[in-house]
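Just below is one structure, and these are the notes that go with it.
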Amino acid sequence: MIDINLIRENPEAVKENIKKKFQDSKLPLVDEIISLDKKKRELQTEVDGLRAQRNTLAKKIGALMKEGKREEAEEVKALSKRNNDRVAEIESEMSQVEADLKKDMLSIPNIISKDVPIGRSDAENVQGKVFLKAEEKPFDVPYHLDILEKLDGIDLDSARRTSGNGFYYLTGDIARLHSAVLSYARDFMIDKGFTYCIPPYMIRSDVVSGVMSFEEMDGMMYKIEGEDLYLIGTSEHSMIGRFMGTVMPEDKLPQTLTSYSPCFRKEKGAHGIEERGIYRIHQFEKQEMIVLCKPEESDFWYEKLWNYTVELFVSMEIPVRQLLCCSGDLADLKYQSCDIEAWSPRQKKYFEVGSCSNLTDAQARRLGIRYKNAKTGKNEFVHTLNNTVVAPPRMLIAFLENHLREDGSVYIPSVLRPYMGGKSEIQVKK
RNA sequence: GCAGAGAUGGCGGAGUGGUCGAACGCGCACGACUCGAAAUCGUGUUACGGGCAACUGUACGGGGGUUCGAAUCCCUCUCUCUGCGCCA
């Protein structure tokens, strides 16, 4: 949600931003908001006056009662009652106007960074920097599922029986590798000065509706039957929810946190769960990083965050590139976003393994996350950012394809060996 | 899970139907005193919204209700504490 003052003061800039995102159908909302906002303020003035009257009358009644002037008091009561009817009328009109206003405000996209490339859809995303040389293998790289099966590292048949499509058993060295990657990533972020955090894996509906739209919720979130609880789709949900409705002192910023959690997603809609293997699944695990900082520092942190992910992948000897999200592909809450994509020697192209976003104050405004500005003494909204550190098992696809050898064994880069009992490779099971 | 107690400003803590946005204390800010500091004294100090301003509205865990009027009474949810029970 953007600042309504921006719409009041500079509606043209807001419209320009909407055009940049190719959401022209939302253009009329801006004028609608201006008129709803005006209406709201008129109603507010009126209702404030009437309430002031109510307060005065109530005091008068109290005074009369004390003096024992019962009859006079009754007269004023009747007057006050009539006044209150009018208050109720305007209040209900006002709550309607407020609801409409809020709905419109939620549809207005966040102002995007000047650095965001302009484009209609993900097809127009722009390649940024590239790290390590993306090389083709001198042999055919099999589909990741086949690699996993050769290494005796996966059992999808049983998972389908116990849980259905979109679930998996990882076994043996592959399961260990999965944990090793997460542990290594956790320590990597701790070394960068981030605070490690294990959050709740279930959250209440008010937190859910705070962190996402109804459509997203419907398409992603699993609900616990008979409870007001949902399984988180990412630890960002509970990590950001942690700060809902709080004001923190300026010296508590920046908050630099890295969290681990399993993630549960229905994956309803566009791509679905049909794809074979472990690319898109209902359950995965993720090491995440989130930052809450002062407004003037969020650009700095954005650059830092995505570079951490790159550094992590490079240390595991996996070629990656940065892909700049274009204006049309950017979610409404985001100011700027990029994906980190890993090289797939099989497909001979890059695919997404993480995503880094700066939401500026849009998320914080929606959730009421503020800090006390030490200079001005005012409470102001923080900026929030989030980024994937690493999310296996999807990340394992990149790992296996890049480190596969012709004989079917998989090479383990040195940084992971301490987490793998010193092993330097995973061998094919005879 | 059962029973009892409770949730008030940055913190502690009064307040049980009207003059309460809230006593008192702590903390914090500013000023006085001092060479400087401590101590002491004085002043100020909730948030959000409307208004050029004067001023004004709302909020005492969340939601709903009673009343002319609710921090205060009723319902409900959440959370905390104490005791019992159960359990990794």
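Residue numbering restarts at 1 for every chain of the structure tokens, chains are lettered A, B, ... in their displayed order, and ligands are numbered from 1 as they appear.
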Sort by chain and increasing residue number a table of all residues of chain A within 12 Å of chain B, each with its closest pair of atoms and their distance in Å to one decimal, counting only C-alpha atoms (C1' of nucleotides), and write it as a Markdown table.
| residue | atom | partner | partner_atom | distance |
| --- | --- | --- | --- | --- |
| A:Asp37 | CA | B:G50 | C1' | 11.7 |
| A:Lys38 | CA | B:G50 | C1' | 11.2 |
| A:Lys40 | CA | B:G50 | C1' | 9.7 |
| A:Arg41 | CA | B:G50 | C1' | 6.6 |
| A:Glu42 | CA | B:G50 | C1' | 8.7 |
| A:Leu43 | CA | B:G50 | C1' | 9.6 |
| A:Gln44 | CA | B:G50 | C1' | 6.4 |
| A:Thr45 | CA | B:G50 | C1' | 6.1 |
| A:Glu46 | CA | B:G50 | C1' | 9.8 |
| A:Val47 | CA | B:G57 | C1' | 8.1 |
| A:Asp48 | CA | B:G57 | C1' | 5.0 |
| A:Gly49 | CA | B:U56 | C1' | 7.6 |
| A:Leu50 | CA | B:G57 | C1' | 9.6 |
| A:Arg51 | CA | B:G57 | C1' | 7.3 |
| A:Ala52 | CA | B:U56 | C1' | 7.4 |
| A:Gln53 | CA | B:U56 | C1' | 10.8 |
| A:Arg54 | CA | B:C68 | C1' | 8.0 |
| A:Asn55 | CA | B:G69 | C1' | 7.6 |
| A:Thr56 | CA | B:G69 | C1' | 9.8 |
| A:Leu57 | CA | B:C68 | C1' | 7.3 |
| A:Ala58 | CA | B:G69 | C1' | 5.1 |
| A:Lys59 | CA | B:G18 | C1' | 6.2 |
| A:Lys60 | CA | B:G18 | C1' | 8.9 |
| A:Ile61 | CA | B:C68 | C1' | 7.0 |
| A:Gly62 | CA | B:G18 | C1' | 5.1 |
| A:Ala63 | CA | B:G18 | C1' | 7.8 |
| A:Leu64 | CA | B:G18 | C1' | 10.5 |
| A:Met65 | CA | B:G18 | C1' | 9.5 |
| A:Lys66 | CA | B:G18 | C1' | 9.4 |
| A:Ala73 | CA | B:C68 | C1' | 8.7 |
| A:Glu74 | CA | B:C68 | C1' | 8.5 |
| A:Glu75 | CA | B:C68 | C1' | 9.7 |
| A:Val76 | CA | B:C68 | C1' | 7.4 |
| A:Lys77 | CA | B:C68 | C1' | 4.5 |
| A:Ala78 | CA | B:C68 | C1' | 7.4 |
| A:Leu79 | CA | B:C68 | C1' | 8.3 |
| A:Ser80 | CA | B:C68 | C1' | 5.6 |
| A:Lys81 | CA | B:C68 | C1' | 6.4 |
| A:Arg82 | CA | B:C68 | C1' | 9.9 |
| A:Asn83 | CA | B:C68 | C1' | 9.8 |
| A:Asn84 | CA | B:C68 | C1' | 8.9 |
| A:Asp85 | CA | B:C68 | C1' | 11.8 |
| A:Arg204 | CA | B:U78 | C1' | 10.9 |
| A:Asp206 | CA | B:G62 | C1' | 11.0 |
| A:Asp228 | CA | B:C77 | C1' | 11.1 |
| A:Gly245 | CA | B:A47 | C1' | 11.8 |
| A:Thr246 | CA | B:A47 | C1' | 11.7 |
| A:Val247 | CA | B:A47 | C1' | 10.6 |
| A:Met248 | CA | B:G10 | C1' | 10.6 |
| A:Pro249 | CA | B:G10 | C1' | 10.1 |
| A:Gly368 | CA | B:C48 | C1' | 11.3 |
| A:Lys372 | CA | B:G10 | C1' | 11.6 |
| A:Gly377 | CA | B:A29 | C1' | 11.0 |
| A:Lys378 | CA | B:A47 | C1' | 10.7 |
| A:Asn379 | CA | B:A47 | C1' | 9.4 |
Quick one: write out the picked residues with C-alpha atoms as a CSV table (one decimal), in the first residue's frame?
chain,number,residue,atom,x,y,z
A,37,ASP,CA,-10.7,10.5,0.2
A,38,LYS,CA,-12.4,13.9,-0.1
A,40,LYS,CA,-14.2,10.6,3.8
A,41,ARG,CA,-12.8,13.8,5.1
A,42,GLU,CA,-16.1,15.6,4.8
A,43,LEU,CA,-17.9,12.8,6.6
A,44,GLN,CA,-15.1,12.9,9.2
A,45,THR,CA,-15.6,16.6,9.9
A,46,GLU,CA,-19.3,16.1,10.2
A,47,VAL,CA,-19.2,13.1,12.5
A,48,ASP,CA,-16.5,14.7,14.6
A,49,GLY,CA,-18.8,17.7,15.2
A,50,LEU,CA,-21.7,15.5,16.1
A,51,ARG,CA,-19.6,13.4,18.4
A,52,ALA,CA,-18.3,16.5,20.1
A,53,GLN,CA,-21.9,17.4,20.6
A,54,ARG,CA,-22.6,14.0,22.1
A,55,ASN,CA,-19.7,14.4,24.5
A,56,THR,CA,-21.0,17.8,25.6
A,57,LEU,CA,-24.5,16.6,26.1
A,58,ALA,CA,-23.4,13.6,28.0
A,59,LYS,CA,-21.5,15.8,30.4
A,60,LYS,CA,-24.5,18.1,30.7
A,61,ILE,CA,-26.7,15.1,31.6
A,62,GLY,CA,-24.2,14.0,34.2
A,63,ALA,CA,-24.2,17.5,35.8
A,64,LEU,CA,-28.0,17.7,35.8
A,65,MET,CA,-28.3,14.3,37.4
A,66,LYS,CA,-26.0,15.4,40.1
A,73,ALA,CA,-31.9,15.6,32.2
A,74,GLU,CA,-34.5,13.4,30.5
A,75,GLU,CA,-35.0,16.2,27.9
A,76,VAL,CA,-31.3,16.4,27.1
A,77,LYS,CA,-31.2,12.6,26.9
A,78,ALA,CA,-33.9,12.7,24.2
A,79,LEU,CA,-31.9,15.3,22.3
A,80,SER,CA,-28.8,13.3,22.6
A,81,LYS,CA,-30.5,10.2,21.3
A,82,ARG,CA,-31.6,12.0,18.2
A,83,ASN,CA,-28.1,13.2,17.7
A,84,ASN,CA,-26.8,9.7,18.1
A,85,ASP,CA,-29.1,8.4,15.4
A,204,ARG,CA,-3.2,-17.0,12.2
A,206,ASP,CA,-5.0,-12.0,10.5
A,228,ASP,CA,-7.6,-20.4,13.0
A,245,GLY,CA,1.9,-3.3,14.7
A,246,THR,CA,5.1,-2.5,16.5
A,247,VAL,CA,7.2,0.6,16.8
A,248,MET,CA,10.9,0.0,17.4
A,249,PRO,CA,13.6,2.4,18.4
A,368,GLY,CA,2.0,-1.1,10.8
A,372,LYS,CA,10.9,6.1,16.0
A,377,GLY,CA,10.9,12.0,17.1
A,378,LYS,CA,8.2,10.8,14.6
A,379,ASN,CA,7.1,7.3,14.1
*asked:* Give me, as a VMD selection string, all polymer residues having an atom no more than 12 Å from Ser235 of chain A, counting only C-alpha atoms (C1' of nucleotides) and skipping those fewer than 4 positions away in the same chain.
replied: chain A and resid 197 to 203 208 211 231 239 to 242 257 to 264 284 to 290 386 to 389 391
File of the preceding selection, N, CA and C atoms, as a compact mmCIF listing (two decimals), in the first residue's frame:
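Result file out_15.txt:
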# COMPACT_ATOMS: atom_id res chain seq x y z
N CYS A 197 17.07 -17.47 13.02
CA CYS A 197 15.75 -17.48 13.66
C CYS A 197 14.92 -18.64 13.14
N ILE A 198 14.33 -19.38 14.05
CA ILE A 198 13.38 -20.43 13.66
C ILE A 198 11.99 -19.95 14.04
N PRO A 199 11.14 -19.68 13.07
CA PRO A 199 9.84 -19.06 13.34
C PRO A 199 8.73 -20.11 13.45
N PRO A 200 7.53 -19.70 13.86
CA PRO A 200 6.38 -20.60 13.82
C PRO A 200 6.09 -21.02 12.38
N TYR A 201 5.68 -22.28 12.22
CA TYR A 201 5.35 -22.77 10.88
C TYR A 201 3.86 -22.63 10.59
N MET A 202 3.12 -22.19 11.57
CA MET A 202 1.69 -21.91 11.36
C MET A 202 1.42 -20.50 11.86
N ILE A 203 0.54 -19.82 11.15
CA ILE A 203 0.19 -18.46 11.56
C ILE A 203 -1.32 -18.24 11.47
N VAL A 208 -1.93 -13.79 8.00
CA VAL A 208 -1.97 -14.19 6.60
C VAL A 208 -2.54 -13.05 5.75
N VAL A 211 -0.10 -10.25 5.20
CA VAL A 211 1.08 -10.40 4.36
C VAL A 211 0.76 -10.74 2.90
N LEU A 231 -0.68 -23.13 7.45
CA LEU A 231 0.73 -23.50 7.29
C LEU A 231 1.42 -22.40 6.47
N MET A 239 8.07 -14.28 9.78
CA MET A 239 9.16 -13.37 10.15
C MET A 239 8.71 -11.91 10.10
N ILE A 240 7.94 -11.57 9.07
CA ILE A 240 7.44 -10.20 8.96
C ILE A 240 6.28 -10.01 9.95
N GLY A 241 5.45 -11.04 10.08
CA GLY A 241 4.32 -10.98 11.01
C GLY A 241 4.77 -10.68 12.43
N ARG A 242 5.96 -11.12 12.74
CA ARG A 242 6.55 -10.90 14.05
C ARG A 242 6.58 -9.42 14.43
N LEU A 257 17.93 -10.64 9.55
CA LEU A 257 17.56 -11.95 10.06
C LEU A 257 17.65 -13.01 8.99
N THR A 258 18.06 -14.19 9.39
CA THR A 258 17.99 -15.33 8.47
C THR A 258 17.20 -16.43 9.14
N SER A 259 16.21 -16.91 8.43
CA SER A 259 15.29 -17.86 9.06
C SER A 259 15.23 -19.15 8.26
N TYR A 260 15.01 -20.22 9.00
CA TYR A 260 14.79 -21.52 8.36
C TYR A 260 13.34 -21.92 8.57
N SER A 261 12.73 -22.50 7.56
CA SER A 261 11.43 -23.14 7.77
C SER A 261 11.10 -24.06 6.62
N PRO A 262 10.27 -25.07 6.91
CA PRO A 262 9.62 -25.75 5.80
C PRO A 262 8.58 -24.81 5.22
N CYS A 263 8.26 -24.97 3.95
CA CYS A 263 7.29 -24.12 3.28
C CYS A 263 6.23 -25.01 2.65
N PHE A 264 4.98 -24.62 2.81
CA PHE A 264 3.89 -25.43 2.29
C PHE A 264 3.07 -24.62 1.29
N PHE A 284 8.59 -27.81 0.71
CA PHE A 284 10.04 -27.72 0.55
C PHE A 284 10.61 -26.98 1.74
N GLU A 285 11.93 -26.86 1.78
CA GLU A 285 12.55 -26.16 2.91
C GLU A 285 13.36 -25.00 2.39
N LYS A 286 13.44 -23.98 3.22
CA LYS A 286 14.07 -22.76 2.71
C LYS A 286 14.80 -22.03 3.82
N GLN A 287 15.98 -21.57 3.48
CA GLN A 287 16.68 -20.61 4.30
C GLN A 287 16.42 -19.25 3.67
N GLU A 288 15.94 -18.32 4.48
CA GLU A 288 15.50 -17.03 3.96
C GLU A 288 16.28 -15.93 4.65
N MET A 289 16.37 -14.77 4.02
CA MET A 289 16.89 -13.61 4.75
C MET A 289 15.89 -12.47 4.64
N ILE A 290 15.69 -11.78 5.74
CA ILE A 290 14.85 -10.59 5.67
C ILE A 290 15.55 -9.44 6.40
N ASN A 386 13.21 -8.92 1.39
CA ASN A 386 13.37 -10.35 1.63
C ASN A 386 14.06 -11.00 0.45
N ASN A 387 14.75 -12.09 0.75
CA ASN A 387 15.52 -12.76 -0.29
C ASN A 387 15.72 -14.21 0.09
N THR A 388 15.68 -15.08 -0.91
CA THR A 388 15.97 -16.48 -0.69
C THR A 388 17.47 -16.66 -0.48
N VAL A 389 17.83 -17.36 0.57
CA VAL A 389 19.23 -17.78 0.66
C VAL A 389 19.37 -19.01 -0.23
N ALA A 391 16.81 -22.70 -1.38
CA ALA A 391 15.59 -23.46 -1.17
C ALA A 391 15.69 -24.83 -1.81
Quick one: residues within 9 Å of segment 3-7 of chain B, only C-alpha atoms (C1' of nucleotides) counted, chain neighbours fewer than 5 positions away excluded, as a compact mmCIF listing (two decimals) with N, CA and C atoms (P, O5', C5', C4', C3', O3' and C1' of nucleotides), in the first residue's frame?
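Once everything was written out, this is around_13.txt:
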# COMPACT_ATOMS: atom_id res chain seq x y z
P G B 61 -7.43 -2.95 27.74
O5' G B 61 -6.85 -3.63 26.42
C5' G B 61 -5.50 -3.40 26.03
C4' G B 61 -5.14 -4.39 24.95
C3' G B 61 -6.24 -4.60 23.91
O3' G B 61 -6.18 -3.63 22.89
C1' G B 61 -5.50 -6.69 24.71
P C B 79 -4.00 -17.93 22.34
O5' C B 79 -3.17 -16.94 23.28
C5' C B 79 -2.10 -16.18 22.74
C4' C B 79 -1.72 -15.09 23.71
C3' C B 79 -1.25 -15.55 25.08
O3' C B 79 0.10 -15.95 25.08
C1' C B 79 -2.82 -13.80 25.35
P U B 80 0.62 -17.00 26.19
O5' U B 80 0.70 -16.12 27.51
C5' U B 80 1.68 -15.09 27.64
C4' U B 80 1.51 -14.41 28.97
C3' U B 80 1.56 -15.34 30.18
O3' U B 80 2.89 -15.63 30.56
C1' U B 80 -0.30 -13.89 30.38
P C B 81 3.20 -17.01 31.31
O5' C B 81 2.68 -16.73 32.79
C5' C B 81 3.31 -15.76 33.62
C4' C B 81 2.51 -15.59 34.89
C3' C B 81 2.27 -16.88 35.68
O3' C B 81 3.38 -17.22 36.49
C1' C B 81 0.24 -15.69 35.47
P U B 82 3.70 -18.75 36.78
O5' U B 82 2.59 -19.15 37.84
C5' U B 82 2.58 -18.55 39.14
C4' U B 82 1.40 -19.07 39.92
C3' U B 82 1.21 -20.59 39.90
O3' U B 82 2.05 -21.26 40.81
C1' U B 82 -0.87 -19.53 39.49
P G B 83 2.56 -22.75 40.49
O5' G B 83 1.26 -23.62 40.76
C5' G B 83 0.78 -23.80 42.09
C4' G B 83 -0.57 -24.48 42.06
C3' G B 83 -0.62 -25.82 41.33
O3' G B 83 -0.11 -26.89 42.12
C1' G B 83 -2.47 -24.52 40.68
P C B 84 0.57 -28.15 41.38
O5' C B 84 -0.68 -28.89 40.74
C5' C B 84 -1.61 -29.58 41.55
C4' C B 84 -2.77 -30.07 40.70
C3' C B 84 -2.42 -31.04 39.57
O3' C B 84 -2.18 -32.36 40.01
C1' C B 84 -3.91 -29.40 38.76
*Could you give me the residues within segment 222-255 of chain A that DSSP places in alpha helix (DSSP H), as a ChimeraX atom specification?*
/A:235-241
_Report as a ChimeraX atom specification all protein, DNA and RNA residues lying within 8 Å of segment 26-31 of chain B, evaluated on only C-alpha atoms (C1' of nucleotides), omitting residues in the same chain fewer than 5 positions from it._
/B:10-12,42-45
For all heavy atoms, I'd like the residues from the last selection saved as a compact mmCIF listing (two decimals), in the first residue's frame.
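New file result-v9.txt:
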# COMPACT_ATOMS: atom_id res chain seq x y z
P G B 10 3.74 3.55 24.63
OP1 G B 10 3.79 4.38 23.43
OP2 G B 10 3.12 2.20 24.58
O5' G B 10 5.22 3.39 25.21
C5' G B 10 6.16 2.60 24.51
C4' G B 10 7.32 2.29 25.41
O4' G B 10 8.01 3.52 25.74
C3' G B 10 6.93 1.73 26.76
O3' G B 10 6.69 0.35 26.70
C2' G B 10 8.14 2.07 27.61
O2' G B 10 9.18 1.17 27.37
C1' G B 10 8.52 3.45 27.05
N9 G B 10 7.96 4.55 27.84
C8 G B 10 7.07 5.51 27.42
N7 G B 10 6.78 6.36 28.35
C5 G B 10 7.51 5.95 29.47
C6 G B 10 7.59 6.50 30.78
O6 G B 10 7.01 7.48 31.23
N1 G B 10 8.44 5.76 31.58
C2 G B 10 9.13 4.65 31.18
N2 G B 10 9.89 4.08 32.10
N3 G B 10 9.07 4.13 29.97
C4 G B 10 8.24 4.84 29.16
P C B 11 5.59 -0.33 27.64
OP1 C B 11 5.38 -1.70 27.12
OP2 C B 11 4.43 0.57 27.77
O5' C B 11 6.33 -0.43 29.03
C5' C B 11 7.41 -1.32 29.22
C4' C B 11 7.98 -1.14 30.61
O4' C B 11 8.40 0.24 30.77
C3' C B 11 6.99 -1.34 31.75
O3' C B 11 6.83 -2.71 32.07
C2' C B 11 7.64 -0.56 32.88
O2' C B 11 8.71 -1.27 33.46
C1' C B 11 8.22 0.65 32.12
N1 C B 11 7.33 1.82 32.16
C2 C B 11 7.21 2.55 33.35
O2 C B 11 7.85 2.17 34.34
N3 C B 11 6.41 3.63 33.40
C4 C B 11 5.73 4.00 32.32
N4 C B 11 4.95 5.08 32.42
C5 C B 11 5.81 3.29 31.09
C6 C B 11 6.61 2.20 31.06
P G B 12 5.44 -3.22 32.69
OP1 G B 12 5.56 -4.69 32.81
OP2 G B 12 4.34 -2.62 31.93
O5' G B 12 5.45 -2.59 34.15
C5' G B 12 6.29 -3.13 35.16
C4' G B 12 6.21 -2.30 36.41
O4' G B 12 6.47 -0.92 36.11
C3' G B 12 4.85 -2.24 37.10
O3' G B 12 4.57 -3.41 37.85
C2' G B 12 5.01 -1.02 37.99
O2' G B 12 5.78 -1.33 39.12
C1' G B 12 5.82 -0.10 37.07
N9 G B 12 4.95 0.88 36.39
C8 G B 12 4.58 0.89 35.07
N7 G B 12 3.79 1.89 34.77
C5 G B 12 3.63 2.58 35.97
C6 G B 12 2.88 3.75 36.28
O6 G B 12 2.19 4.43 35.53
N1 G B 12 3.00 4.09 37.62
C2 G B 12 3.73 3.40 38.56
N2 G B 12 3.71 3.88 39.80
N3 G B 12 4.44 2.31 38.27
C4 G B 12 4.34 1.96 36.98
P G B 42 9.72 20.70 42.07
OP1 G B 42 8.46 20.98 42.78
OP2 G B 42 10.07 19.31 41.69
O5' G B 42 9.79 21.61 40.76
C5' G B 42 9.53 23.01 40.85
C4' G B 42 9.78 23.65 39.51
O4' G B 42 11.16 23.46 39.14
C3' G B 42 9.01 23.04 38.35
O3' G B 42 7.68 23.50 38.29
C2' G B 42 9.85 23.49 37.16
O2' G B 42 9.61 24.85 36.84
C1' G B 42 11.26 23.36 37.73
N9 G B 42 11.88 22.07 37.37
C8 G B 42 12.07 20.98 38.20
N7 G B 42 12.65 19.98 37.58
C5 G B 42 12.84 20.43 36.28
C6 G B 42 13.43 19.79 35.14
O6 G B 42 13.91 18.65 35.08
N1 G B 42 13.42 20.61 34.02
C2 G B 42 12.91 21.88 33.99
N2 G B 42 12.98 22.50 32.82
N3 G B 42 12.37 22.50 35.03
C4 G B 42 12.37 21.72 36.14
P U B 43 6.53 22.55 37.73
OP1 U B 43 5.23 23.22 37.98
OP2 U B 43 6.77 21.18 38.23
O5' U B 43 6.83 22.58 36.17
C5' U B 43 6.65 23.78 35.41
C4' U B 43 7.17 23.59 34.02
O4' U B 43 8.58 23.26 34.07
C3' U B 43 6.57 22.42 33.25
O3' U B 43 5.28 22.69 32.72
C2' U B 43 7.62 22.21 32.17
O2' U B 43 7.54 23.19 31.16
C1' U B 43 8.91 22.42 32.97
N1 U B 43 9.44 21.12 33.47
C2 U B 43 10.16 20.34 32.58
O2 U B 43 10.38 20.67 31.43
N3 U B 43 10.62 19.14 33.10
C4 U B 43 10.45 18.67 34.37
O4 U B 43 10.94 17.58 34.68
C5 U B 43 9.69 19.54 35.24
C6 U B 43 9.22 20.71 34.77
P G B 44 4.24 21.49 32.61
OP1 G B 44 2.94 22.10 32.23
OP2 G B 44 4.33 20.63 33.80
O5' G B 44 4.81 20.68 31.36
C5' G B 44 4.89 21.30 30.08
C4' G B 44 5.76 20.47 29.16
O4' G B 44 7.05 20.26 29.79
C3' G B 44 5.26 19.06 28.89
O3' G B 44 4.24 19.04 27.93
C2' G B 44 6.54 18.38 28.41
O2' G B 44 6.85 18.73 27.08
C1' G B 44 7.58 19.02 29.34
N9 G B 44 7.87 18.15 30.50
C8 G B 44 7.49 18.33 31.81
N7 G B 44 7.92 17.39 32.61
C5 G B 44 8.62 16.52 31.76
C6 G B 44 9.31 15.31 32.04
O6 G B 44 9.45 14.74 33.13
N1 G B 44 9.87 14.76 30.89
C2 G B 44 9.79 15.31 29.64
N2 G B 44 10.39 14.63 28.66
N3 G B 44 9.15 16.43 29.36
C4 G B 44 8.60 16.98 30.46
P U B 45 3.12 17.89 28.03
OP1 U B 45 2.14 18.17 26.96
OP2 U B 45 2.69 17.76 29.43
O5' U B 45 3.93 16.58 27.64
C5' U B 45 4.54 16.44 26.36
C4' U B 45 5.31 15.14 26.30
O4' U B 45 6.41 15.18 27.25
C3' U B 45 4.53 13.91 26.72
O3' U B 45 3.71 13.44 25.67
C2' U B 45 5.64 12.94 27.07
O2' U B 45 6.22 12.38 25.91
C1' U B 45 6.67 13.87 27.72
N1 U B 45 6.59 13.85 29.21
C2 U B 45 7.28 12.85 29.86
O2 U B 45 7.94 12.01 29.28
N3 U B 45 7.19 12.88 31.23
C4 U B 45 6.48 13.77 32.00
O4 U B 45 6.49 13.67 33.22
C5 U B 45 5.77 14.77 31.25
C6 U B 45 5.85 14.77 29.90
*Work out how far apart atom CA of Ala159 of chain A and atom CA of Asp173 of chain A are and give it in Å to one decimal.*
18.2 Å
Within 12 Å of Pro418 of chain A, counting only C-alpha atoms (C1' of nucleotides), which residues show up once you throw out same-chain ones fewer than 6 positions away? Write them as a short mmCIF file (atom, residue, chain, number, x, y, z; two decimals) with C-alpha atoms, in the first residue's frame, please.
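Result file follows (around.cif):
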data_model
loop_
_atom_site.label_atom_id
_atom_site.label_comp_id
_atom_site.auth_asym_id
_atom_site.auth_seq_id
_atom_site.Cartn_x
_atom_site.Cartn_y
_atom_site.Cartn_z
CA ARG A 176 22.01 -35.62 3.84
CA LEU A 177 23.07 -33.29 1.05
CA SER A 179 20.37 -30.88 5.06
CA ALA A 180 24.01 -30.04 4.39
CA VAL A 181 23.08 -27.29 1.97
CA SER A 183 23.15 -25.98 7.34
CA TYR A 184 25.92 -24.48 5.23
CA ASP A 187 26.18 -20.69 8.80
CA ILE A 412 30.63 -32.32 -3.64
CA SER A 424 33.85 -35.45 -1.79
#
*Every residue of segment 25-254 of chain A that DSSP places in strand (DSSP E), as a ChimeraX atom specification*: /A:126-131,154-155,169-170,195-197,202-203,222-223,230-231,247-249
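Residues lying within 12 Å of Ser213 of chain A, counting only C-alpha atoms (C1' of nucleotides) and ignoring same-chain neighbours fewer than 2 positions away, are Met1, Lys103, Leu106, Ser107, Ser205, Asp206, Val207, Val208, Ser209, Gly210, Val211, Glu215, Glu216, Met217, Asp218, Gly219, Met220, Met221, Ala331, Asp332, Leu333, Gln363 and Arg366 of chain A.
Near A22 of chain B, within 10 Å and counting only C-alpha atoms (C1' of nucleotides), sit U8, G9, A14, G15, C60 and A71 of chain B; same-chain residues fewer than 6 positions away were not included.
For the pair atom CA of Tyr308 of chain A and atom CA of Glu380 of chain A, the interatomic distance is 28.0 Å.
Of the listed residues A:Leu253, A:Ala123, A:Leu101, A:Cys326, the one whose atoms come nearest to Ala374 of chain A is A:Leu253, with distances taken using only C-alpha atoms.
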